[in-house]
$ cat upload11.csv   # CSV, C-alpha atoms
chain,number,residue,atom,x,y,z
N,945,MET,CA,83.1,75.3,101.5
N,946,SER,CA,85.0,77.3,104.1
N,947,GLU,CA,87.7,79.8,103.3
N,948,PRO,CA,89.9,77.9,100.8
N,949,ASN,CA,93.0,79.9,101.4
N,950,GLU,CA,93.0,79.6,105.2
N,951,HIS,CA,95.8,77.1,105.2
N,952,ALA,CA,99.0,77.4,107.2
N,953,HIS,CA,100.4,79.9,104.7
N,954,HIS,CA,101.8,82.9,106.6
N,955,ILE,CA,100.7,86.3,105.4
N,956,VAL,CA,103.3,89.1,105.8
N,957,GLY,CA,101.7,92.4,106.6
N,958,PRO,CA,102.4,95.9,105.1
N,959,GLY,CA,104.2,97.0,108.3
N,960,VAL,CA,107.1,94.6,107.6
N,961,TYR,CA,107.2,95.6,103.9
N,962,VAL,CA,107.4,99.3,104.7
N,963,ALA,CA,110.2,98.7,107.2
N,964,ILE,CA,112.1,96.7,104.6
N,965,LEU,CA,111.5,99.4,102.0
N,966,PHE,CA,113.1,102.0,104.2
N,967,ALA,CA,116.0,99.7,105.1
N,968,LEU,CA,116.6,99.1,101.4
N,969,LEU,CA,116.4,102.9,100.6
N,970,ILE,CA,118.7,103.8,103.4
N,971,SER,CA,121.3,101.2,102.5
N,972,THR,CA,121.2,102.3,98.9
N,973,ALA,CA,121.9,105.8,99.9
N,974,LEU,CA,124.7,104.5,102.3
N,975,THR,CA,126.4,102.4,99.6
N,976,VAL,CA,126.4,105.4,97.1
N,977,TRP,CA,127.8,107.7,99.9
N,978,ALA,CA,130.5,105.1,100.7
N,979,SER,CA,131.5,104.9,97.1
N,980,PHE,CA,132.5,108.6,97.3
N,981,LEU,CA,134.9,107.9,100.1
N,982,GLU,CA,138.5,107.1,99.5
N,983,LEU,CA,138.8,103.7,101.2
N,984,GLY,CA,141.1,101.9,98.7
N,985,PHE,CA,140.9,98.2,99.2
N,986,TRP,CA,137.7,98.5,101.3
N,987,ASN,CA,135.6,100.2,98.7
N,988,PRO,CA,134.6,97.1,96.8
N,989,ILE,CA,134.2,95.1,100.0
N,990,ILE,CA,131.8,97.6,101.5
N,991,ALA,CA,129.8,97.9,98.3
N,992,LEU,CA,129.4,94.1,98.0
N,993,ALA,CA,128.7,93.7,101.7
N,994,ILE,CA,125.9,96.3,101.5
N,995,ALA,CA,124.6,94.7,98.3
N,996,THR,CA,124.5,91.3,100.0
N,997,ALA,CA,122.7,92.7,103.0
N,998,LYS,CA,120.1,94.3,100.7
N,999,ALA,CA,119.7,91.0,98.8
N,1000,THR,CA,119.3,89.1,102.1
N,1001,LEU,CA,116.5,91.5,103.2
N,1002,VAL,CA,114.7,91.0,99.8
N,1003,VAL,CA,115.0,87.2,100.0
N,1004,LEU,CA,114.0,86.9,103.6
N,1005,PHE,CA,111.0,89.3,103.7
N,1006,PHE,CA,109.9,90.4,100.2
N,1007,MET,CA,110.3,86.8,98.9
N,1008,GLY,CA,109.1,85.5,102.3
N,1009,VAL,CA,111.7,82.8,102.8
N,1010,LYS,CA,111.8,83.6,106.5
N,1011,TYR,CA,108.2,82.4,106.7
N,1012,SER,CA,108.4,79.6,104.2
N,1013,THR,CA,108.7,75.8,104.5
N,1014,LYS,CA,111.9,74.0,105.3
N,1015,LEU,CA,112.0,72.7,101.8
N,1016,THR,CA,112.0,76.2,100.4
N,1017,LYS,CA,114.7,77.3,102.8
N,1018,LEU,CA,116.8,74.3,101.9
N,1019,THR,CA,116.3,75.0,98.2
N,1020,VAL,CA,117.4,78.7,98.5
N,1021,PHE,CA,120.4,77.7,100.6
N,1022,ALA,CA,121.4,75.0,98.1
N,1023,GLY,CA,121.2,77.6,95.3
N,1024,ILE,CA,123.3,80.2,97.0
N,1025,PHE,CA,125.8,77.5,98.1
N,1026,THR,CA,126.2,76.2,94.5
N,1027,PHE,CA,126.6,79.7,93.2
N,1028,LEU,CA,129.4,80.3,95.8
N,1029,ILE,CA,131.2,77.2,94.7
N,1030,LEU,CA,131.0,78.4,91.1
N,1031,ILE,CA,132.4,81.8,91.9
N,1032,SER,CA,135.0,80.9,94.6
N,1033,MET,CA,136.5,77.9,92.9
N,1034,THR,CA,136.7,79.6,89.5
N,1035,LEU,CA,138.2,82.8,90.9
N,1036,SER,CA,140.7,80.9,93.1
N,1037,ASP,CA,141.8,79.0,90.0
N,1038,TYR,CA,142.4,82.2,88.0
N,1039,ILE,CA,143.9,84.2,90.9
N,1040,SER,CA,146.4,81.4,91.8
N,1041,ARG,CA,147.7,80.8,88.3
N,1042,ALA,CA,151.2,82.1,87.3
N,1043,TRP,CA,150.8,85.7,86.4
N,1044,GLY,CA,151.5,86.6,82.8
N,1045,SER,CA,151.2,83.1,81.4
N,1046,TRP,CA,147.6,83.5,80.2
K,217,MET,CA,97.5,32.1,84.8
K,218,PRO,CA,98.5,35.4,83.2
K,219,ASP,CA,95.2,35.9,81.3
K,220,ASN,CA,93.2,35.9,84.5
K,221,THR,CA,95.4,38.4,86.2
K,222,VAL,CA,95.1,40.9,83.4
K,223,THR,CA,91.3,40.5,83.3
K,224,SER,CA,90.9,41.0,87.0
K,225,LYS,CA,93.2,44.1,87.0
K,226,GLY,CA,91.2,45.5,84.1
K,227,ALA,CA,87.9,44.9,85.9
K,228,LEU,CA,89.2,46.5,89.0
K,229,GLY,CA,90.4,49.5,87.0
K,230,ALA,CA,87.0,49.9,85.3
K,231,ALA,CA,85.2,49.6,88.6
K,232,LYS,CA,87.4,52.3,90.1
K,233,ASN,CA,86.8,54.6,87.1
K,234,ALA,CA,83.0,54.1,87.3
K,235,ASP,CA,83.2,54.8,91.0
K,236,SER,CA,85.1,58.1,90.7
K,237,ALA,CA,82.8,59.2,87.8
K,238,ASP,CA,79.8,58.7,90.0
K,239,ASN,CA,81.3,60.6,92.8
K,240,ALA,CA,82.8,63.4,90.6
K,241,ASP,CA,80.2,66.0,91.6
K,242,ILE,CA,80.6,65.3,95.3
K,243,LEU,CA,84.4,65.3,95.0
K,244,HIS,CA,84.4,68.6,93.2
K,245,ALA,CA,82.1,70.2,95.8
K,246,ASP,CA,84.6,69.1,98.5
K,247,HIS,CA,87.5,71.3,97.3
K,248,PRO,CA,88.1,74.7,95.8
K,249,PRO,CA,87.9,74.7,92.0
K,250,TYR,CA,91.6,75.5,91.5
K,251,LEU,CA,92.8,72.4,93.5
K,252,ARG,CA,94.2,69.8,91.1
K,253,HIS,CA,93.2,66.2,91.9
K,254,HIS,CA,96.8,65.0,92.2
K,255,PHE,CA,97.3,67.1,95.3
K,256,ASN,CA,96.0,66.3,98.7
K,257,SER,CA,95.3,69.8,99.8
K,258,ALA,CA,95.5,73.4,98.6
K,259,GLU,CA,98.4,73.9,100.9
K,260,GLN,CA,100.3,71.0,99.3
K,261,GLN,CA,99.6,72.5,95.9
K,262,ALA,CA,100.8,75.9,96.9
K,263,ASP,CA,104.0,74.5,98.4
K,264,ALA,CA,104.7,72.5,95.3
K,265,ALA,CA,104.2,75.6,93.0
K,266,SER,CA,106.4,77.7,95.2
K,267,PHE,CA,109.1,75.0,95.2
K,268,ALA,CA,109.0,74.8,91.4
K,269,MET,CA,109.3,78.5,91.2
K,270,TRP,CA,112.4,78.5,93.4
K,271,LEU,CA,113.9,75.7,91.3
K,272,PHE,CA,113.4,77.9,88.2
K,273,LEU,CA,115.0,80.9,90.1
K,274,LEU,CA,118.0,78.7,90.9
K,275,THR,CA,118.6,78.1,87.2
K,276,GLU,CA,118.4,81.9,86.8
K,277,VAL,CA,121.0,82.3,89.7
K,278,MET,CA,123.4,80.1,87.8
K,279,PHE,CA,122.7,81.9,84.5
K,280,PHE,CA,123.5,85.4,85.9
K,281,GLY,CA,126.2,83.8,88.2
K,282,GLY,CA,128.1,82.8,85.0
K,283,LEU,CA,128.0,86.4,83.8
K,284,PHE,CA,129.1,87.8,87.2
K,285,THR,CA,132.0,85.3,87.3
K,286,ALA,CA,133.1,86.3,83.8
K,287,TYR,CA,132.9,90.0,84.9
K,288,LEU,CA,135.0,89.4,88.0
K,289,ILE,CA,137.7,87.4,86.1
K,290,TYR,CA,138.0,90.0,83.3
K,291,ARG,CA,138.0,92.8,85.8
K,292,ASN,CA,140.9,91.0,87.6
K,293,TRP,CA,142.8,90.6,84.3
K,294,TYR,CA,142.3,94.1,82.7
K,295,TYR,CA,141.8,96.1,85.9
K,296,PRO,CA,142.8,99.6,84.6
K,297,ALA,CA,140.5,99.1,81.6
K,298,PHE,CA,137.6,98.1,83.8
K,299,VAL,CA,138.1,101.1,86.1
K,300,ALA,CA,138.3,103.5,83.2
K,301,GLY,CA,135.2,101.9,81.6
K,302,SER,CA,133.2,102.1,84.9
K,303,HIS,CA,134.0,105.8,85.2
K,304,GLN,CA,132.1,106.4,82.0
K,305,LEU,CA,128.8,105.3,83.7
K,306,ASN,CA,126.5,107.8,85.2
K,307,VAL,CA,126.2,107.1,88.9
K,308,VAL,CA,123.2,109.4,89.3
K,309,TRP,CA,121.1,107.4,86.7
K,310,GLY,CA,122.3,104.2,88.3
K,311,THR,CA,121.2,105.3,91.7
K,312,THR,CA,117.9,106.6,90.5
K,313,ASN,CA,117.2,103.2,88.8
K,314,THR,CA,118.1,101.4,92.0
K,315,PHE,CA,115.6,103.4,93.9
K,316,VAL,CA,113.0,102.9,91.2
K,317,LEU,CA,113.5,99.1,91.3
K,318,ILE,CA,113.4,98.9,95.1
K,319,PHE,CA,110.1,100.8,95.0
K,320,SER,CA,108.7,98.5,92.4
K,321,SER,CA,109.7,95.5,94.6
K,322,PHE,CA,107.8,97.1,97.5
K,323,THR,CA,104.7,97.7,95.4
K,324,MET,CA,104.9,94.1,94.2
K,325,ALA,CA,105.2,92.8,97.8
K,326,MET,CA,102.2,94.9,98.7
K,327,GLY,CA,100.4,93.4,95.6
K,328,VAL,CA,101.0,89.9,97.0
K,329,TRP,CA,99.6,91.0,100.3
K,330,CYS,CA,96.5,92.5,98.6
K,331,ALA,CA,95.9,89.2,96.8
K,332,GLU,CA,96.3,87.2,100.0
K,333,THR,CA,93.8,89.4,101.9
K,334,ARG,CA,91.5,89.6,98.9
K,335,ARG,CA,91.7,93.3,98.1
K,336,ARG,CA,90.9,93.5,94.4
K,337,LYS,CA,91.3,97.3,94.0
K,338,GLY,CA,94.5,97.3,96.1
K,339,LEU,CA,95.9,94.5,94.0
K,340,VAL,CA,95.1,96.3,90.7
K,341,LEU,CA,96.7,99.5,92.1
K,342,CYS,CA,99.9,97.7,93.2
K,343,LEU,CA,100.3,95.8,90.0
K,344,THR,CA,99.8,99.0,88.0
K,345,LEU,CA,102.4,100.9,90.1
K,346,THR,CA,104.8,98.0,89.6
K,347,PHE,CA,104.1,98.1,85.9
K,348,ILE,CA,104.8,101.9,85.7
K,349,LEU,CA,108.0,101.7,87.8
K,350,GLY,CA,109.2,98.9,85.6
K,351,LEU,CA,108.7,101.1,82.6
K,352,CYS,CA,110.5,104.0,84.4
K,353,PHE,CA,113.5,101.7,84.9
K,354,LEU,CA,113.6,100.8,81.2
K,355,GLY,CA,113.2,104.4,80.2
K,356,ILE,CA,116.2,105.5,82.3
K,357,LYS,CA,118.2,102.5,81.0
K,358,THR,CA,117.3,103.8,77.5
K,359,ILE,CA,118.7,107.2,78.3
K,360,GLU,CA,121.9,105.6,79.6
K,361,TYR,CA,122.2,103.3,76.5
K,362,ARG,CA,121.7,106.4,74.2
K,363,GLU,CA,124.6,108.1,76.0
K,364,LYS,CA,126.8,105.1,75.3
K,365,VAL,CA,125.8,105.2,71.6
K,366,GLU,CA,126.6,108.9,71.3
K,367,MET,CA,130.0,108.4,73.0
K,368,HIS,CA,130.7,105.4,70.7
K,369,HIS,CA,131.1,103.1,73.7
K,370,VAL,CA,129.0,100.3,72.2
K,371,PRO,CA,131.3,97.5,71.3
K,372,GLY,CA,131.6,96.9,67.6
K,373,PHE,CA,132.9,98.7,64.4
K,374,HIS,CA,132.0,102.1,65.7
K,375,TYR,CA,133.7,101.7,69.1
K,376,SER,CA,136.0,104.6,70.0
K,377,LEU,CA,139.0,104.6,72.3
K,378,GLN,CA,139.2,108.4,72.5
K,379,SER,CA,137.8,108.6,76.1
K,380,PHE,CA,140.5,106.2,77.3
K,381,LEU,CA,143.5,107.3,75.2
K,382,ASP,CA,142.8,110.9,75.9
K,383,PRO,CA,140.5,111.2,79.0
K,384,ALA,CA,140.7,115.0,79.0
K,385,SER,CA,138.7,115.0,75.7
K,386,ASN,CA,135.6,114.1,77.8
K,387,PRO,CA,135.6,117.0,80.3
K,388,GLU,CA,132.5,115.9,82.3
K,389,VAL,CA,134.0,112.6,83.3
K,390,PHE,CA,137.5,114.0,83.5
K,391,LYS,CA,136.8,116.7,86.1
K,392,GLU,CA,135.3,114.1,88.4
K,393,TYR,CA,137.9,111.2,88.1
K,394,HIS,CA,141.1,112.8,86.5
K,395,ASP,CA,141.8,109.5,84.7
K,396,LYS,CA,145.3,109.0,83.3
K,397,PRO,CA,145.5,108.0,79.6
K,398,LEU,CA,145.7,104.2,79.1
K,399,ALA,CA,148.2,102.5,76.8
K,400,LEU,CA,146.7,101.4,73.5
K,401,ASP,CA,146.5,97.7,74.3
K,402,MET,CA,144.8,98.3,77.7
K,403,ALA,CA,142.5,100.9,76.2
K,404,ARG,CA,141.3,98.3,73.7
K,405,HIS,CA,140.2,96.1,76.7
K,406,THR,CA,137.6,98.7,77.7
K,407,GLU,CA,135.6,97.1,74.9
K,408,ILE,CA,135.4,93.9,77.0
K,409,TYR,CA,134.1,96.0,79.9
K,410,PHE,CA,131.3,97.5,77.7
K,411,SER,CA,130.6,94.1,76.2
K,412,LEU,CA,129.9,92.7,79.7
K,413,TYR,CA,128.1,95.9,80.7
K,414,PHE,CA,125.7,95.5,77.7
K,415,LEU,CA,125.4,91.8,78.1
K,416,MET,CA,124.6,91.9,81.8
K,417,THR,CA,122.3,95.0,81.9
K,418,GLY,CA,120.8,93.8,78.6
K,419,MET,CA,119.9,90.4,80.0
K,420,HIS,CA,118.5,92.1,83.1
K,421,ALA,CA,116.5,94.4,80.9
K,422,VAL,CA,115.1,91.4,79.0
K,423,HIS,CA,113.9,90.0,82.3
K,424,MET,CA,112.3,93.3,83.1
K,425,ILE,CA,110.5,93.4,79.7
K,426,ILE,CA,109.2,89.8,80.2
K,427,GLY,CA,108.1,90.8,83.7
K,428,ILE,CA,106.3,93.9,82.5
K,429,GLY,CA,104.5,91.8,79.9
K,430,ILE,CA,103.3,89.4,82.5
K,431,LEU,CA,102.3,92.3,84.7
K,432,ALA,CA,100.1,93.7,82.0
K,433,PHE,CA,98.4,90.3,81.7
K,434,MET,CA,98.0,90.1,85.5
K,435,ILE,CA,96.5,93.6,85.7
K,436,PHE,CA,93.9,92.6,83.1
K,437,ARG,CA,93.1,89.4,85.0
K,438,ALA,CA,93.2,91.0,88.5
K,439,ARG,CA,90.5,93.6,87.4
K,440,ALA,CA,88.2,90.6,86.8
K,441,GLY,CA,89.0,89.4,90.3
K,442,ALA,CA,91.1,86.4,89.3
K,443,TYR,CA,93.6,86.5,92.1
K,444,THR,CA,91.4,87.7,95.0
K,445,ALA,CA,89.3,84.6,95.4
K,446,GLY,CA,91.7,82.5,97.3
K,447,HIS,CA,94.0,81.3,94.6
K,448,VAL,CA,97.1,83.5,94.8
K,449,THR,CA,99.8,81.2,93.5
K,450,PHE,CA,100.3,83.1,90.2
K,451,VAL,CA,100.8,86.5,92.0
K,452,GLU,CA,103.1,85.0,94.6
K,453,ASN,CA,105.3,83.3,92.1
K,454,PHE,CA,105.5,86.3,89.8
K,455,GLY,CA,106.4,88.3,93.0
K,456,LEU,CA,109.3,85.9,93.5
K,457,TYR,CA,110.5,86.5,89.9
K,458,TRP,CA,110.2,90.3,90.2
K,459,HIS,CA,112.2,90.4,93.5
K,460,PHE,CA,114.8,88.1,91.9
K,461,VAL,CA,115.3,90.6,89.1
K,462,ASP,CA,115.6,93.3,91.7
K,463,ILE,CA,118.4,91.4,93.5
K,464,VAL,CA,120.3,91.0,90.2
K,465,TRP,CA,120.1,94.7,89.7
K,466,ILE,CA,121.4,95.4,93.3
K,467,TYR,CA,124.5,93.4,92.4
K,468,LEU,CA,124.9,94.9,88.9
K,469,PHE,CA,124.7,98.4,90.4
K,470,ALA,CA,127.4,97.6,93.0
K,471,LEU,CA,129.7,95.8,90.5
K,472,LEU,CA,129.3,98.0,87.4
K,473,TYR,CA,128.8,101.5,88.9
K,474,LEU,CA,130.2,101.6,92.4
K,475,ILE,CA,133.3,99.4,93.1
K,476,SER,CA,135.7,101.1,90.6
K,477,ARG,CA,134.9,104.8,91.4
K,478,HIS,CA,138.1,105.4,93.4
K,479,GLN,CA,140.7,103.3,91.7

$ encode --input "upload11.csv" --output "structure tokens"
Amino acid sequence: MSEPNEHAHHIVGPGVYVAILFALLISTALTVWASFLELGFWNPIIALAIATAKATLVVLFFMGVKYSTKLTKLTVFAGIFTFLILISMTLSDYISRAWGSW
Amino acid sequence: MPDNTVTSKGALGAAKNADSADNADILHADHPPYLRHHFNSAEQQADAASFAMWLFLLTEVMFFGGLFTAYLIYRNWYYPAFVAGSHQLNVVWGTTNTFVLIFSSFTMAMGVWCAETRRRKGLVLCLTLTFILGLCFLGIKTIEYREKVEMHHVPGFHYSLQSFLDPASNPEVFKEYHDKPLALDMARHTEIYFSLYFLMTGMHAVHMIIGIGILAFMIFRARAGAYTAGHVTFVENFGLYWHFVDIVWIYLFALLYLISRHQ
């Protein structure tokens, strides 16, 4: 019996993980620093953009989606897409209602 | 003739069973012991397990997604109350916890690598570090919750509006944000902010507690060499779960602690 785990599965090395760790630490410091700035309208947008960038790094590298099968990629994409439908359609409904009538 | 058909089918089935029983030893020798017979290959089995794990995580996305949506709608409705509520959170503890959780995600990713490259000691070390960092997160969360209990910011009969009707009564927060007093009806809506705060961070903490429990089980099994003999599915799938919990926190941190600091 030859090496049973020597299938096509891609193994991500420690180098990539260390690089992602530092990217995540730096972007956390960045988002906290940005929250101290007076940017008005842009404060929440920057915070959510950095959070999304961090989440993307985690999904692609820590969770290995970048190196996974097409089925997994499609599954992840479908999940995010469905979530965006949930959030965007619900919010657009609430935001576009006549103010004060709820 | 229906009787005949049934008989011949039965005979064929019996013959097949006898055949596979005879060959069972040879068949088992052909594949690694963890490969289930309904899969063609170890690769197919691993792909199926990973796919199933992702489907489970999608249900989790929708579960937390509902909470996030509720939070955004209520924040939109009772904006001043949500800003004032958010100012009561301790950004230093929140940031520390974000760092703790990112480190735990890193040690978990390294654990998966150790399992894949069959490093038993490395795997045990990584899982133990992840376990400890998970406990650190919950410890810090406990400190934060205790602060909320002392300030009477836990929704319920003992909820106090003092910090919102008279912000100067809480000098530590006041000197940083200089919040204006809220009108009574808006101040009462801070209770919704804290309901969502406890619901969201609480559900996240429940996921952490479940994860820490599974980690303890995995450390025990990993010491016996369970995941370093080629079959790494359990470690990989648990890694996916742990990283998902990390992502939820990344968004909770931004939404609960950061986005209302300046309003």

$ closest_residue --input "upload11.csv" --among "K:Ala421, K:Ala258, K:Leu251, K:Cys342" --to "K:Ala438" --atoms "all atoms listed in the file"
K:Cys342

$ interface_residues --input "upload11.csv" --of "chain N" --to "chain K" --cutoff "6 Å" --atoms "only C-alpha atoms" --output "list of chain:residue names"
N:Asn949, N:His951, N:Ser979, N:Pro988, N:Ala991, N:Ala995, N:Ala999, N:Phe1006, N:Met1007, N:Gly1023, N:Ile1031

$ closest_residue --input "upload11.csv" --among "N:Ala973, N:Phe980, N:Thr1034, N:Ile964" --to "N:Thr1000" --atoms "only C-alpha atoms"
N:Ile964

$ closest_residue --input "upload11.csv" --among "K:Val461, K:Met416, K:Leu472, K:Ala399" --to "N:Val1002" --atoms "only C-alpha atoms"
K:Val461

$ residues_near_point --input "upload11.csv" --point "(117.3, 80.7, 101.4)" --cutoff "9 Å" --atoms "only C-alpha atoms" --output "ChimeraX atom specification"
/N:1000,1003-1004,1009-1010,1016-1024
